[in-house]
Amino acid sequence: MDPTNRGPEEYGHGNDRSAEDAVRRRQSREPLTPDFGLQTPQQSRTVQLITGDFLLTVNPVDGSEIEPCPPGMQPAAPVRRTAAERAERERATAPPVPPGPPGPRLPLLEREEERERLVRLLAQGRSVRLTGPAGSGRTALLNAVAADCADLAPDGVVRLSGHRRTANELLYGLFEAVHRSPLYRPGREELEALVRGIGAVVVLDDLELGGSALEELLDATPECAFLFGAGPEVAAPTADSNLEEVFLSGLGRAASIELLEHVVERTLTDEEANWAGDLWFESQGLPLRFVQAGALLRQRDQLRTDPEAFDGYEDGDQDDLPFGRPAPVDVPLPSLGEGAAPAALLGSRMTEAARQTLRFAVALGGEVPHQAHLPALVGDTHADAALGELFVCGLLSPAGPRYRLAAGVLAQLEASGYGEEADTFARNAAQHYAWWAGHPSVTPERAVAEADAVLAALTHLVPGGDHAGTASAAVLLARSAAPAFAAGMRWGAWEKALRIGQEAARIAGEVAEEAYFHHELGVLALCAGNLDRARAELEVSIGMRGALADKPGAVAGRRALALVTDRSGLPLPVAGRTPSGEEVPAARHEESLSPSGVPGPPVVGPVFAARPAEEPSTLIAPRAVAPAAKATGASAARIGVLRGARRNLVAVGAGALLAAVLGTVVTLGATSGSEDPEGKNVTTEQSADEDDGESGLVEDEPGDEDSADDVTSGSRAPSTDSSGTASPSDSGTPSPSASEPGTSPSSDDTTSGSPSDRPTSGDPSPSRTPTKSTSPTPTTAEPTDPTTEPTPDPTESTPTTPPSGPESSNSASGPAESATATASATSDGPAPDGTSDTNPTTLA
């Protein structure tokens, strides 16, 4: 069933069809009641459209879904309409012709000078603002000028309505009037590029913009010549604007009386002419007042010429007469007050359907429902004829594709009592529009054409929504109409419906519907490029739907929020809770220092898991030391126990390539015949420890007063001669220093040499011990007892001069040894000849 174009069965003509169907059921033994358990649920109406670089799927159930437009779905470039297509569109968007007998055609009196001036300015490419009071005939003059300028511009004449429209909505309206692009709404930048190339004469009536907003519209369309129609209450343009101003005043006395004669379609009597003269002085010659006064005179003529039409009515039935109470043959002229404000008197002489239509218009703030809705609203199958009755009397004026109450009529009807039951009429209109907008047969274009009346019903219900019933009616209407406005690409009305619906849902306590409106507002803000507002609306919606366990809605909200995060370039939320109340798990990382001792980036949360109790610690052994030092317990101070063995294993595995390279370098240094410079050998003493400095290592620098060994042990080590006898230093602590016979350190080593090369008083620096190179293949064995290590030969004497042989390396002796040391625990036991290995390392 089409809710607008009703079939004959809706007007009482379907009884025969119903009887035939009943007979057919009985003959076929079909049940009169359908099987409700097998009914197919009504499918929701979804529409896909492209806005900018987004693909928007309008889903009335769970909320609209938005995603980047897939590569294969990009729309084609908009195509300009031809002249025939523009004319067809203008006829389709014009107000419908009211049913009933047409009214008289009225001439354009005393407007020739203004008409010629407007056409001349538009032909020069100038934009003009026609300013005049309501009812001064602006619309009639604009129509005449538009007809004269039909061939001035390459894109013809474009008619737009500025009633409750913003500059952005007017730009999109101009784009749609000139270009053909179904289901495509360009982004702001593309829109400006498209309208910049439009060359048309734009006739825009009922302008409500002024100041900077009007300048924005003019700057965006440099190739268009605008003709604005505005009232004196609209803000003036800026001082530096190039907009021409033309003021429109009322008609003269003679022209006013001539217009009244055209409306009445006869010559006025002397009494009527005098009455018209007083009315001219009172109304300042506004043409609308004389059109309405002419309607009063026509009603008076009908009452005077046909008094028998009211015969047969009793006194109690006088209220049901089509023109009110019967009047005598000599009907007096209306008073001057009734002529200046004739709406109440004109309504009293109309049909009941016309009066009901006026009550609906008052409840909707002056918006008149489309004539197709009047039968359902009024309850009369012929109520659509009431629109023509009101239009002929001058109570309506066109506004875009619809009609609304003429200037001043709303205030006159409210003063006469037509707004006493406005709440009831507004609620009835809201219930009707909620059913109609959600019906599958109603296209988005038809819903958009009725947007002003729908929004007026919502606006009336929400401020007075002190009880849940009124607010619930507004929620239902907004829930049904908002998806239709979105699919019809009337996004200004879409946003208004969503905001009013969200407020109504809050008043009514309907959390699920409030979450839906927040989600839609977030999607709309994302399409408009307002990412901050989109994020706030979506987070509120996700939180509400999460509390309601609405999984489909929450998923749609998270997808849209992820797109907002991606477009804004912000990082993903860290551990904690989002503003919507959802928990975000913390990211657990396993990071360690690099083998070179450079610390990694900071990590949020715990880094290392707790080590099991049975996992042994990793022992990092220092270089070989003299037995005297071991006897004093210095070796125990040199052994560092590094907690967190798992971190070292991860670091060693991550730096396997670096270890191989370092092993190769050390091997080359050990076989080159010269000692590497200090600090170039990587030893197990340089492992990262949690208590080390920022770099994770204690570095030995040339010229330091204390060596790395002294930092570990806390005292200077004793010096030992070649025979193994410890020579006391000034502190009384022996220093382990031994050299292989026939070898001597290089002359540029600043940390090695005999005690004679060092000062013996003050703060001497310890000497580094040259070591003996052993076999490159290490032996894996259990850790040896320190008491089993051999004692150096005491017969060896300390050389007085540094030996000339090269010092052997105290680090890994080759790539094989390095690889073995990184993969398993190794330790060097005593050599068969009684000498100790120079690099004992224990890894457990």
# chains A, B, ... in the order shown; residues from 1 in each chain; ligands from 1
$ residues_around --residues "range 200-217 of chain A" --least-positions-apart "4" --cutoff "6 Å" --atoms "only C-alpha atoms" --output "short mmCIF file (atom, residue, chain, number, x, y, z; two decimals) with C-alpha atoms, in the first residue's frame"
data_model
loop_
_atom_site.label_atom_id
_atom_site.label_comp_id
_atom_site.auth_asym_id
_atom_site.auth_seq_id
_atom_site.Cartn_x
_atom_site.Cartn_y
_atom_site.Cartn_z
CA ALA A 153 23.63 32.29 -18.26
CA ASP A 155 23.45 27.01 -16.83
CA GLY A 156 20.14 28.84 -17.01
CA VAL A 157 18.11 29.93 -13.99
CA VAL A 158 18.23 28.00 -10.74
CA ARG A 159 15.42 28.47 -8.21
CA LEU A 160 16.29 27.85 -4.54
CA SER A 161 14.52 28.44 -1.24
CA GLY A 162 16.46 29.94 1.64
CA HIS A 163 13.81 29.11 4.23
CA ALA A 167 25.12 28.53 3.35
CA CYS A 224 26.92 33.05 -10.55
CA ALA A 225 24.67 36.09 -10.37
CA PHE A 226 22.36 35.92 -7.37
CA LEU A 227 18.97 37.52 -6.92
CA PHE A 228 18.07 37.33 -3.23
CA GLY A 229 14.67 38.01 -1.75
CA ALA A 230 14.86 38.92 1.94
CA VAL A 234 17.52 39.69 7.92
CA ALA A 235 21.06 40.82 8.73
CA ALA A 236 22.57 43.18 6.19
CA PRO A 237 25.60 42.18 4.11
CA THR A 238 29.08 43.31 5.08
#
$ residues_around --residues "Tyr403 in chain A" --least-positions-apart "5" --cutoff "12 Å" --atoms "only C-alpha atoms" --output "PyMOL selection string"
chain A and resi 94-98+161+163+361+366-371+387-388+390-391+394-398+449-450+452-453
$ closest_residue --among "A:Glu189, A:Glu503, A:Glu338, A:Glu513" --to "Ala528 in chain A" --atoms "only C-alpha atoms"
A:Glu189
$ residues_around --residues "Tyr433 in chain A" --least-positions-apart "2" --cutoff "9 Å" --atoms "only C-alpha atoms" --output "MDAnalysis selection string"
chainID A and resid 373 428:431 435:438 454 477 480:481
$ select_by_dssp --residues "range 194-253 of chain A" --states "strand (DSSP E)" --output "list in words"
Val201, Val202, Val203, Leu204, Asp205, Asp206, Leu207, Ala225, Phe226, Leu227, Phe228, Gly229, Ala230, Glu244, Glu245, Val246 and Phe247 of chain A
$ write_last_selection --atoms "N, CA and C atoms" --output "short mmCIF file (atom, residue, chain, number, x, y, z; two decimals), in the first residue's frame"
data_model
loop_
_atom_site.label_atom_id
_atom_site.label_comp_id
_atom_site.auth_asym_id
_atom_site.auth_seq_id
_atom_site.Cartn_x
_atom_site.Cartn_y
_atom_site.Cartn_z
N VAL A 201 22.07 32.08 -13.19
CA VAL A 201 21.34 33.10 -12.45
C VAL A 201 20.55 32.38 -11.37
N VAL A 202 20.94 32.61 -10.13
CA VAL A 202 20.35 31.91 -8.98
C VAL A 202 19.33 32.84 -8.33
N VAL A 203 18.07 32.44 -8.37
CA VAL A 203 16.99 33.19 -7.75
C VAL A 203 16.67 32.51 -6.42
N LEU A 204 16.97 33.18 -5.34
CA LEU A 204 16.88 32.59 -4.00
C LEU A 204 15.92 33.43 -3.17
N ASP A 205 14.75 32.84 -2.88
CA ASP A 205 13.72 33.54 -2.11
C ASP A 205 13.81 33.14 -0.64
N ASP A 206 13.25 33.98 0.22
CA ASP A 206 13.22 33.75 1.67
C ASP A 206 14.63 33.59 2.24
N LEU A 207 15.53 34.47 1.87
CA LEU A 207 16.89 34.41 2.38
C LEU A 207 16.90 34.70 3.88
N ALA A 225 25.32 34.82 -10.72
CA ALA A 225 24.67 36.09 -10.37
C ALA A 225 23.44 35.76 -9.53
N PHE A 226 23.41 36.26 -8.31
CA PHE A 226 22.36 35.92 -7.37
C PHE A 226 21.32 37.03 -7.32
N LEU A 227 20.07 36.61 -7.19
CA LEU A 227 18.97 37.52 -6.92
C LEU A 227 18.30 37.02 -5.63
N PHE A 228 18.58 37.72 -4.53
CA PHE A 228 18.07 37.33 -3.23
C PHE A 228 16.79 38.09 -2.93
N GLY A 229 15.87 37.38 -2.29
CA GLY A 229 14.67 38.01 -1.75
C GLY A 229 14.68 37.86 -0.24
N ALA A 230 14.71 38.96 0.48
CA ALA A 230 14.86 38.92 1.94
C ALA A 230 13.97 39.98 2.58
N GLU A 244 24.36 44.51 -4.66
CA GLU A 244 23.48 45.66 -4.90
C GLU A 244 22.21 45.51 -4.05
N GLU A 245 21.68 46.63 -3.60
CA GLU A 245 20.47 46.64 -2.77
C GLU A 245 19.34 47.33 -3.53
N VAL A 246 18.20 46.62 -3.58
CA VAL A 246 16.98 47.19 -4.18
C VAL A 246 15.87 47.02 -3.15
N PHE A 247 15.24 48.13 -2.78
CA PHE A 247 14.20 48.09 -1.77
C PHE A 247 12.83 48.11 -2.44
#
$ atom_distance --atom1 "CA of Ala386 in chain A" --atom2 "CA of Ala353 in chain A"
6.1 Å
$ residues_around --residues "Leu374 in chain A" --least-positions-apart "5" --cutoff "10 Å" --atoms "only C-alpha atoms" --output "PyMOL selection string"
chain A and resi 4+353-354+356-357+360+368-369+379-387
$ write_last_selection --atoms "C-alpha atoms" --output "PDB file, in the first residue's frame"
ATOM      1  CA  THR A   4       0.520   8.797  -0.204  1.00  0.00           C
ATOM      2  CA  ALA A 353     -11.511  20.291   6.659  1.00  0.00           C
ATOM      3  CA  ALA A 354      -9.961  23.699   5.922  1.00  0.00           C
ATOM      4  CA  GLN A 356      -8.680  21.503  10.712  1.00  0.00           C
ATOM      5  CA  THR A 357      -5.854  22.073   8.265  1.00  0.00           C
ATOM      6  CA  PHE A 360      -2.451  21.505  12.072  1.00  0.00           C
ATOM      7  CA  VAL A 368       1.268  23.157   6.098  1.00  0.00           C
ATOM      8  CA  PRO A 369       1.280  19.387   5.475  1.00  0.00           C
ATOM      9  CA  GLY A 379      -9.994  12.132   8.711  1.00  0.00           C
ATOM     10  CA  ASP A 380     -11.795  13.225   5.558  1.00  0.00           C
ATOM     11  CA  THR A 381     -11.190  11.556   2.203  1.00  0.00           C
ATOM     12  CA  HIS A 382     -11.705  14.880   0.407  1.00  0.00           C
ATOM     13  CA  ALA A 383      -9.610  16.990   2.758  1.00  0.00           C
ATOM     14  CA  ASP A 384      -6.983  17.555   0.077  1.00  0.00           C
ATOM     15  CA  ALA A 385      -9.324  20.118  -1.487  1.00  0.00           C
ATOM     16  CA  ALA A 386      -8.839  22.277   1.590  1.00  0.00           C
ATOM     17  CA  LEU A 387      -5.386  23.275   0.358  1.00  0.00           C
TER      18      LEU A 387
END
$ atom_distance --atom1 "CA of Gly294 in chain A" --atom2 "CA of Ala146 in chain A"
27.2 Å
